[in-house]
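Heads up, the thing below is written out as structure tokens.
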Amino acid sequence: MKEKGLAPKTLDDYRKTIARYLLPDWGKHRLEEFEQNVTLVLDMQATLRRMYGPATAQRAIAKLSMLFNAAVRWKILRVNPVMLVREDLPVYKRKETVPLTLEQTICVLNAVEGHRLCALYHTALTLGLRLGEILGLQWDDIDWQAQTIAIRRQV
């Protein structure tokens with residue numbers, strides 16, 4: 001897989017996904033088998049969906065498609081088998097996130113009152129920050145004079 005331009009965590013995620021979800025059941029197949037029998041991809045997707053859920057299945061198949069794209073570039077395969085069955089693969093759509101109501105927000109803030117992370121909850125809920133954004137905050141992101149917080153990174 002082409003490592004250039006990939007963040008170390010992204011590359012690690014690709015490796016873990018392939019090792020955990022793809023290699024155990026389908027690693028015994030040669031690449032050419034997927035090209036000759038594209039139903040292997042459909043079976044793989046159905047099995048992953050049944051065992052791990054639709055989101056995991058979609059992510060794993062997307063990473064498999066990237067591997068097949070590399071095999072096409074390297075002239076190991078003529079076509080990407082995932083692309084041949086793309087129309088037949090079910091599409092996973094994330095459920096829309098439902099924000100907390102005012103009453104729910106007040107309940108959460110009351111529940112964390114006095115907790116060592118109370119300020120974190122207040123900041124996150126007041127500003128609508130995601131977990132990665134709140135965890136990425138550093139002291140120099142706070143301008144006490146202007147009473148602002150700059151979101152510059154996420155974890």
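Each chain in the structure tokens gets a letter, A, B, ..., in the order shown, and its residues are numbered from 1; ligands are numbered from 1 in order too.
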Name the residues of chain A that fall into strand (DSSP E) according to DSSP on the backbone, using the chain letters and numbers of this document, as a VMD selection string. chain A and resid 142 to 143 148 to 149
Just list as a ChimeraX atom specification whatever in segment 5-51 of chain A DSSP marks as helix (DSSP H, G or I). /A:8-26,31-36,39-51
Any chance you could tabulate, as a Markdown table, the residues of segment 31-108 of chain A at most 9 Å from segment 12-26 of chain A with each one's nearest atom pair and distance in Å to one decimal, using only C-alpha atoms, in chain and rising number order?
| residue | atom | partner | partner_atom | distance |
| --- | --- | --- | --- | --- |
| A:Leu40 | CA | A:Trp26 | CA | 8.6 |
| A:Met44 | CA | A:Trp26 | CA | 7.7 |
| A:Leu48 | CA | A:Tyr21 | CA | 7.4 |
| A:Tyr52 | CA | A:Tyr21 | CA | 8.9 |
| A:Thr56 | CA | A:Tyr21 | CA | 8.7 |
| A:Ala57 | CA | A:Tyr21 | CA | 8.5 |
| A:Arg59 | CA | A:Thr17 | CA | 8.3 |
| A:Ala60 | CA | A:Thr17 | CA | 6.3 |
| A:Ile61 | CA | A:Leu22 | CA | 8.6 |
| A:Lys63 | CA | A:Tyr14 | CA | 6.7 |
| A:Leu64 | CA | A:Ile18 | CA | 7.6 |
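The shell of residues at most 12 Å from segment 70-76 of chain A, with only C-alpha atoms counted and near chain neighbours (fewer than 5 positions) removed, consists of Met1, Lys2, Glu3, Arg30, Leu31, Glu32, Glu33, Phe34, Glu35, Lys63, Leu64, Ser65, Pro81, Val82 and Met83 of chain A.
The coordinates place atom CA of Arg116 of chain A at 22.1 Å from atom CA of Gln147 of chain A.
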All residues 12 Å or closer to segment 99-107 of chain A, only C-alpha atoms, same chain fewer than 6 positions away omitted, as a PyMOL selection string: chain A and resi 113+121-122+124-126+128-130
Print the selection's residues with N, CA and C atoms to a file, as a short mmCIF file (atom, residue, chain, number, x, y, z; two decimals), in the first residue's frame.
data_model
loop_
_atom_site.label_atom_id
_atom_site.label_comp_id
_atom_site.auth_asym_id
_atom_site.auth_seq_id
_atom_site.Cartn_x
_atom_site.Cartn_y
_atom_site.Cartn_z
N GLU A 113 -21.62 18.03 38.02
CA GLU A 113 -21.23 19.11 38.95
C GLU A 113 -20.33 18.54 40.05
N TYR A 121 -16.97 19.19 30.43
CA TYR A 121 -18.35 19.01 30.00
C TYR A 121 -19.02 20.34 29.70
N HIS A 122 -18.81 21.32 30.58
CA HIS A 122 -19.41 22.65 30.36
C HIS A 122 -18.92 23.25 29.04
N ALA A 124 -17.55 21.68 26.39
CA ALA A 124 -18.01 20.89 25.24
C ALA A 124 -19.47 21.17 24.92
N LEU A 125 -20.32 21.17 25.95
CA LEU A 125 -21.75 21.36 25.72
C LEU A 125 -22.08 22.81 25.35
N THR A 126 -21.39 23.76 25.94
CA THR A 126 -21.66 25.17 25.65
C THR A 126 -21.26 25.53 24.23
N GLY A 128 -20.50 23.20 21.77
CA GLY A 128 -20.85 22.17 20.80
C GLY A 128 -19.65 21.48 20.21
N LEU A 129 -18.61 21.31 21.02
CA LEU A 129 -17.38 20.70 20.52
C LEU A 129 -17.49 19.19 20.46
N ARG A 130 -16.80 18.61 19.50
CA ARG A 130 -16.68 17.15 19.42
C ARG A 130 -15.62 16.70 20.41
#
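Atom to atom, atom CA of Arg94 of chain A and atom CA of Thr123 of chain A stand 26.2 Å apart.
For the atom pair formed by atom CA of Val112 of chain A and atom CA of Leu137 of chain A, the distance is 19.8 Å, given to one decimal.
Distance annotation: of A:Leu120, A:Val155, A:Leu84, A:Ala150, the residue with the minimal separation from Gln36 of chain A is A:Leu84; atom set is only C-alpha atoms.
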I'd like the contact shell of Gln154 of chain A - 7 Å cut-off, only C-alpha atoms, skipping same-chain residues fewer than 2 positions apart - returned as a PyMOL selection string. chain A and resi 132-133+135-136
Requested write-out: C-alpha atoms of the selected residues, as a compact mmCIF listing (two decimals), in the first residue's frame:
# COMPACT_ATOMS: atom_id res chain seq x y z
CA GLY A 132 -11.55 15.10 19.56
CA GLU A 133 -11.75 18.90 19.57
CA LEU A 135 -9.33 16.73 23.94
CA GLY A 136 -7.11 18.66 21.52
